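Below: one structure, written as structure tokens.
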Number of protein chains: 4
Amino acid sequence: MQFGSDNWAGASEKVMAALVAANAGDVPAYGGDAITQRLERRLADLFEREVGVLLVATGTAANSLAVTGLIPPYGAVICHRGAHLNTDECGAPEFFGSNKLIALGGARGKVTSAGLKQLLDRRPRGVHHVVPALLSLTQSTELGSVYAVDEVAELAGLAHDKGLLVHMDGARLGNALVHTGASLAEMTWQAGVDILSFGATKGGCLLAEAIVVFDLAQVERLAFLRKRSGQLVSKHRILSAQFDAWLDGGHWLELASHANAMAGRLAEGMLRSGRAQPAFQPEANEVFAFLADADAERLHAAGAQFYDWDADILEPEEQPGRGEKLYRFVTSFRTLPEDVDRFLGLLAQG
Amino acid sequence: MQFGSDNWAGASEKVMAALVAANAGDVPAYGGDAITQRLERRLADLFEREVGVLLVATGTAANSLAVTGLIPPYGAVICHRGAHLNTDECGAPEFFGSNKLIALGGARGKVTSAGLKQLLDRRPRGVHHVVPALLSLTQSTELGSVYAVDEVAELAGLAHDKGLLVHMDGARLGNALVHTGASLAEMTWQAGVDILSFGATKGGCLLAEAIVVFDLAQVERLAFLRKRSGQLVSKHRILSAQFDAWLDGGHWLELASHANAMAGRLAEGMLRSGRAQPAFQPEANEVFAFLADADAERLHAAGAQFYDWDADILEPEEQPGRGEKLYRFVTSFRTLPEDVDRFLGLLAQG
Amino acid sequence: MQFGSDNWAGASEKVMAALVAANAGDVPAYGGDAITQRLERRLADLFEREVGVLLVATGTAANSLAVTGLIPPYGAVICHRGAHLNTDECGAPEFFGSNKLIALGGARGKVTSAGLKQLLDRRPRGVHHVVPALLSLTQSTELGSVYAVDEVAELAGLAHDKGLLVHMDGARLGNALVHTGASLAEMTWQAGVDILSFGATKGGCLLAEAIVVFDLAQVERLAFLRKRSGQLVSKHRILSAQFDAWLDGGHWLELASHANAMAGRLAEGMLRSGRAQPAFQPEANEVFAFLADADAERLHAAGAQFYDWDADILEPEEQPGRGEKLYRFVTSFRTLPEDVDRFLGLLAQG
Amino acid sequence: MQFGSDNWAGASEKVMAALVAANAGDVPAYGGDAITQRLERRLADLFEREVGVLLVATGTAANSLAVTGLIPPYGAVICHRGAHLNTDECGAPEFFGSNKLIALGGARGKVTSAGLKQLLDRRPRGVHHVVPALLSLTQSTELGSVYAVDEVAELAGLAHDKGLLVHMDGARLGNALVHTGASLAEMTWQAGVDILSFGATKGGCLLAEAIVVFDLAQVERLAFLRKRSGQLVSKHRILSAQFDAWLDGGHWLELASHANAMAGRLAEGMLRSGRAQPAFQPEANEVFAFLADADAERLHAAGAQFYDWDADILEPEEQPGRGEKLYRFVTSFRTLPEDVDRFLGLLAQG
């Protein structure tokens, strides 16, 4: 009954097998190896165009480099106030580029076009103020919701009209694609995304994160910034072999599909139980639900692993009722239906 | 005949097996797992004292965090002008802390006590000047030489007398221990080292680097800086499982011993051949040698992999003769004696 | 009818005379002169204790150095969302220390103890999150309101209880002292302020800003950071001579008193006119008022200088009515009563 | 007998008078005033072309913004090892842009074309290494020598051929123009300078420094960086009024001419005395000379103000003889011939 996080899981067996195989032999370091080249070709195929690919070690680094690397230091990064970037990376974006983040509200953890428009419609105010320079959208969001392709396109359109770049934090991108049925291309560059943090770690690798940039002229700059920030992994095939196997044959989408299904099963069971109330219908692999304190304690005591969550991330109209608290449940490619059912059984016994 | 770099090799079989084993099951992320705790205990045993351990993804990050994390931004980092820190990390130390590096010369890539003393004996000159704050020594050095324990202790003593911290870049520390016969404790904190970059990647892991700090009061600060710089690997056991297996039963020293032996075999053969002149007797797993252009071309054409190297790293009295260039040959735990001998055979046929 | 800003005014005659006098003769640079020493003694007298004093060239620099200089880079700066620091310094605090700012709401531009308490009562959440490290209060605020000594003391107490430092942005501190009748000591260190940006520019100098720090052990660190950020003015007496004359004999408080009186006169006249509605009773030298567009246009056309202001700085309950906009009027030591009355006359003719 | 520094002097009477006059009236802040506009036109006239002008408060800031503002963070700044930038600004360039400085040697404090060529001819080495991005030349140099226009043009040509920008640190530019007879245009953009720190403080203002950039497309970026670094002085006319009066009617060159003449008089007298040996013939307003310890002590005791200087700044062949030390003597627009002669009289009495 582990719903603590998807990063408590390890890698899928297929990914581990690829990693073991990749270890054989001596090959050039820093990405000059055949596996890395194969991954780059595969990504070009999946994105249906040429792409720049920079593998890094962590999602924090992928996000921080991606949102700060292409804008001036006085450029501001616009994101949802609950975005990982803004709340869970210990100020890493501020470190990487000394940029200011401007946080917007919005239900279900999603930036709204009204909120973005209001911000961008402020008249330019000269050197005393940071200049909105990049919009970052998280897909799927920190609250387990998903932007539809049209929503991404609308927000990206507003951003582009004002000269901003558009970034997507795709730490759980596969979960969003499974939910929407959109292709990688449709959800990213075709919808207006300029630069993507494409995470494979949470979805079934040990560690493998990519920055994917659609303007190839920016690759060189990002490559220097990657090295300079201590993110150029020397035995590079360790990253590319995992990522490549994870993408191969739609493996990543199968893993995401399973995780999403487990979240759905959990949320449905909660609803049926009447003892836990999902804050909203999960669209990816996270369920945010309101529980009574006593139930949460009881479940924890029985060995269930899940975190209470700061309800500040919810808009006023989304807040829990009296005597309830917000809890987060994350499923992964490894979550077993039996585990979900055991949890639901315990919940029902309250 | 791969002498390009020790980071062209993968991980040892024992390390890979440990990694595969560690992948089983869901465990807490970010170092809250049992393997990481086991590694921490093992390191305390090996260092013969309590130590603070922070695993990171790359050697660049280990060095940059270690040399900048404990000093003020106006503190200067003193190192050999050929130190990786100064020449091969794309300005990463300047990025992590915006600190200035002050580079010293010295034969065989080693800081000399005379050079250090001269620098530190300058009278304090007030706010217009950066303040020497940390001495960084590379062990083994970029030129394949090794500081004796006494040399480390003397340099550290000079540094401590002036209030500087002492850092050791131990990307190839095992090779230095094998050469000197010193223990980890003797070569580090007992000789005055305050903070250590302890690298396991080059020595036989896929990726596993540790910052080891001997003042436990600094661990919290470094932990925040690690997260903030995108170096906190979520599925943390991937790092700790490798590092733990690598240390287990002296495995790492056996691997280093082999690599050193291969470098010795290579250097001896070069000397015998009369066609290649080691710049000095190798003490670790790197041979720097002078070759005639024609011989280097011939060997490259025959499939030998090694790099020509900028002779600027040598002091004036160490420079190659006319018609010769400097080349670097790196051996690893995987280097085969047969490969060395094949190379030497080709060399002799010149 | 210049109500554009108090930094449109020059220096008072007394300050200019002191500057001219100070220009005579050659004296040591960088603060080693007698005038700077005299200023330091004068400040110690006025603060009724030993203080560390660091003169800098701009208020932006004073604030940015003061809020970031004594906290770690992962420390967060807490301030009102409308604070100059947060909105008008082009991300300077993020540049100086790469720190994250956390902005709180609050009526009349003031941080509330409830809001601060809620933020600080969140349980410590480990390395994934920035750590609240410093509370910055603006006195008087960006909205022309003033914290009472008791309010400062309460907020500082909450901050200190959680280990935060307390900073006061005193760009218009004199105006607040005149309003409250408190002494410098009462309003700052006796109320819990640890470090102060003490601005003399807006109040009647050409340029003269001081960082005043009450923990003398921090002076050396700040002095290095000042130099390193290009804020150590070489012909230092230019700053100290102005500041010293401005403080001499209560000159600064007389100037502030005049400016406050002019703001009061303006606000009263507006109320009487029925054509402009102060958002609240001014407590310092700024009036924020709601005007109909047509009136504002008419006044601008008649030569009155004042800015429309983003009403976002107001809380929801403070927003202007339909057809009105928010405008800012700033008075200075140079504002003439005749000018105020002429403006009011024009207003009444609408 | 004040030869401590040219920043011990105040401002010329003409400059002070202009400052007093500029204080009258209220004018827009931040450079929106008529005096700043007049200065900009005057600079365009003097440079014989359109220029971008950004006034800042200190030379440290002018240099740091100018050398880092237009290059990527992984770009390296090349300068003489004795450059102010490298030795006297407490790491400010590293702070402003986190860029690495690469220091070259060269007699008389001047970068040599041979040294620059050797550095730039190294083959590009990929992401592991910082990329030479800007050459900074100091005019006149830290050692009181001057680059001829042809020397600047040759060095700038080498730099441009490799894609570097060229910066001139003109803290004492007037002194160099007086020595060479070159015009501002000839010495700067016509010789290949892309961006200039134009200092008026040392030459006869209280504080007034300008960044002059010849590519107007860069002005906006620099303007944001200036604000963000706390260098946008609000009552801006304080800077522009001084600078404008200083330039008016060739006043600045007269002041520089006097300072240079005083340095020449001092050096000649030293030579005649046989008791002090100028390290080389001064070309600007600084004399570096070797004195016996006893003579230096005697002169200090008699009230002469001058600093001993670290002889490390000299090349090996320029070092003082046994029993001698290096001392620096700086003259200014205020230095009196009588003071020079009094000093020389005392020297002769040894």
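Letters A, B, ... go to the chains of the structure tokens in the order shown; residues in each chain start at 1; ligands are counted from 1 in the same order.
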Define the interface residues of chain B facing chain A as those within 9 Å, counting only C-alpha atoms, and report them as a short mmCIF file (atom, residue, chain, number, x, y, z; two decimals) with C-alpha atoms, in the first residue's frame.
data_model
loop_
_atom_site.label_atom_id
_atom_site.label_comp_id
_atom_site.auth_asym_id
_atom_site.auth_seq_id
_atom_site.Cartn_x
_atom_site.Cartn_y
_atom_site.Cartn_z
CA GLN B 2 41.34 2.22 -25.49
CA GLY B 4 40.98 7.62 -24.16
CA SER B 5 39.63 7.87 -20.64
CA ASP B 6 38.63 5.84 -17.64
CA ASN B 7 35.12 7.17 -18.08
CA TRP B 8 34.80 5.21 -21.31
CA ALA B 9 34.58 2.06 -19.20
CA GLY B 10 31.28 1.03 -17.68
CA ALA B 11 30.79 -0.41 -14.20
CA SER B 12 32.33 -3.53 -12.75
CA GLU B 13 30.19 -6.67 -12.76
CA MET B 16 26.10 -3.81 -11.81
CA ALA B 17 24.83 -6.81 -9.88
CA VAL B 20 20.11 -4.75 -10.34
CA ALA B 22 18.72 -2.70 -5.49
CA ASN B 23 16.03 -2.12 -8.08
CA ALA B 24 13.65 -4.55 -6.42
CA GLY B 25 10.81 -3.16 -4.38
CA ASP B 26 9.58 0.31 -3.57
CA VAL B 27 11.64 2.30 -1.08
CA PRO B 28 11.60 5.91 0.09
CA ALA B 29 13.20 8.41 -2.27
CA TYR B 30 15.92 11.00 -1.70
CA ALA B 57 25.32 12.72 -9.92
CA THR B 58 28.58 14.07 -11.33
CA GLY B 59 32.13 14.84 -10.32
CA THR B 60 31.73 18.38 -11.59
CA ALA B 61 28.89 18.89 -9.14
CA ALA B 62 30.75 17.22 -6.28
CA SER B 64 31.73 22.66 -7.38
CA GLU B 89 34.49 22.10 -15.79
CA CYS B 90 33.38 24.97 -18.01
CA GLY B 91 33.48 27.41 -15.14
CA ALA B 92 31.20 25.32 -12.92
CA PRO B 93 32.81 26.50 -9.66
CA GLU B 94 32.31 30.09 -10.78
CA PHE B 95 28.67 29.22 -11.45
CA PHE B 96 27.92 27.38 -8.22
CA THR B 201 32.45 6.71 -11.34
CA LYS B 202 35.87 6.63 -12.96
CA LEU B 206 28.21 3.91 -13.74
CA LEU B 207 27.69 7.13 -11.86
CA PHE B 224 20.08 22.32 0.80
CA LEU B 225 22.70 23.44 -1.71
CA LYS B 227 18.91 20.06 -3.79
CA ARG B 228 18.99 23.62 -5.03
CA SER B 229 21.59 22.80 -7.64
CA GLY B 230 19.57 19.92 -9.07
CA GLN B 231 21.85 17.25 -7.65
CA LEU B 232 19.52 15.39 -5.31
CA VAL B 233 18.79 12.18 -7.21
CA SER B 234 15.27 11.01 -6.36
CA LYS B 235 15.67 7.23 -6.73
CA HIS B 236 18.67 7.62 -4.52
CA ARG B 237 19.52 3.96 -4.10
CA ILE B 238 20.81 3.98 -7.67
CA ARG B 334 38.88 -2.83 -17.51
#
Non-local contacts of Thr141 of chain A (10 Å; only C-alpha atoms; under 3 positions in same chain excluded) as a list in words =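 Once the adjacent positions are removed, what remains is His80, Gly82, Ala83, His84, Arg108, Gly109, Lys110, Val111, Leu137, Thr138, Gly144, Ser145, Val146, Tyr147, Asp169, Gly170, Ala171, Arg172, Leu173, Ala176, Glu283, Ala284 and Glu286 of chain A.
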What lies within 7 Å of Val15 of chain B using only C-alpha atoms, ignoring chain neighbours under 5 positions off, as a VMD selection string?
-> chain B and resid 205 242 245 to 246
Could you tell me how far atom CA of Arg49 of chain B lies from atom CA of Cys79 of chain B, in Å and to one decimal?
->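 Pair atom CA of Arg49 of chain B / atom CA of Cys79 of chain B returns 27.0 Å.
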How far is it from atom CA of Ala200 of chain D to atom CA of Leu247 of chain D, in Å with one decimal?
->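 Between atom CA of Ala200 of chain D and atom CA of Leu247 of chain D the gap is 8.9 Å.
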Would you return as a VMD selection string the members of segment 89-131 of chain D that DSSP assigns to strand (DSSP E) on this structure's backbone?
-> chain D and resid 100 to 104 131
Go ahead and write the residues just picked, all heavy atoms, as a short mmCIF file (atom, residue, chain, number, x, y, z; two decimals), in the first residue's frame.
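Below is the file again-v2.cif, written as the result:
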data_model
loop_
_atom_site.label_atom_id
_atom_site.label_comp_id
_atom_site.auth_asym_id
_atom_site.auth_seq_id
_atom_site.Cartn_x
_atom_site.Cartn_y
_atom_site.Cartn_z
N LYS D 100 34.24 33.32 -15.92
CA LYS D 100 35.63 33.07 -15.54
C LYS D 100 36.53 34.10 -16.23
O LYS D 100 36.31 34.42 -17.39
CB LYS D 100 36.03 31.67 -15.99
CG LYS D 100 37.36 31.19 -15.42
CD LYS D 100 37.69 29.78 -15.89
CE LYS D 100 38.89 29.25 -15.16
NZ LYS D 100 38.58 28.98 -13.73
N LEU D 101 37.52 34.58 -15.49
CA LEU D 101 38.52 35.45 -16.07
C LEU D 101 39.75 34.63 -16.41
O LEU D 101 40.15 33.76 -15.63
CB LEU D 101 38.91 36.56 -15.08
CG LEU D 101 38.08 37.85 -15.15
CD1 LEU D 101 36.62 37.58 -14.89
CD2 LEU D 101 38.61 38.89 -14.17
N ILE D 102 40.33 34.88 -17.56
CA ILE D 102 41.61 34.25 -17.92
C ILE D 102 42.63 35.36 -18.05
O ILE D 102 42.45 36.30 -18.83
CB ILE D 102 41.48 33.46 -19.25
CG1 ILE D 102 40.47 32.32 -19.08
CG2 ILE D 102 42.84 32.91 -19.67
CD1 ILE D 102 40.27 31.48 -20.33
N ALA D 103 43.68 35.27 -17.23
CA ALA D 103 44.63 36.37 -17.12
C ALA D 103 45.89 36.06 -17.91
O ALA D 103 46.42 34.96 -17.85
CB ALA D 103 44.97 36.60 -15.65
N LEU D 104 46.36 37.05 -18.65
CA LEU D 104 47.60 36.94 -19.41
C LEU D 104 48.67 37.83 -18.81
O LEU D 104 48.37 38.87 -18.22
CB LEU D 104 47.36 37.38 -20.86
CG LEU D 104 46.34 36.57 -21.67
CD1 LEU D 104 46.13 37.21 -23.03
CD2 LEU D 104 46.81 35.13 -21.83
N VAL D 131 34.64 29.42 -22.98
CA VAL D 131 34.94 29.89 -24.34
C VAL D 131 35.39 31.35 -24.29
O VAL D 131 34.63 32.19 -23.80
CB VAL D 131 33.66 29.80 -25.20
CG1 VAL D 131 33.94 30.29 -26.62
CG2 VAL D 131 33.12 28.39 -25.21
#
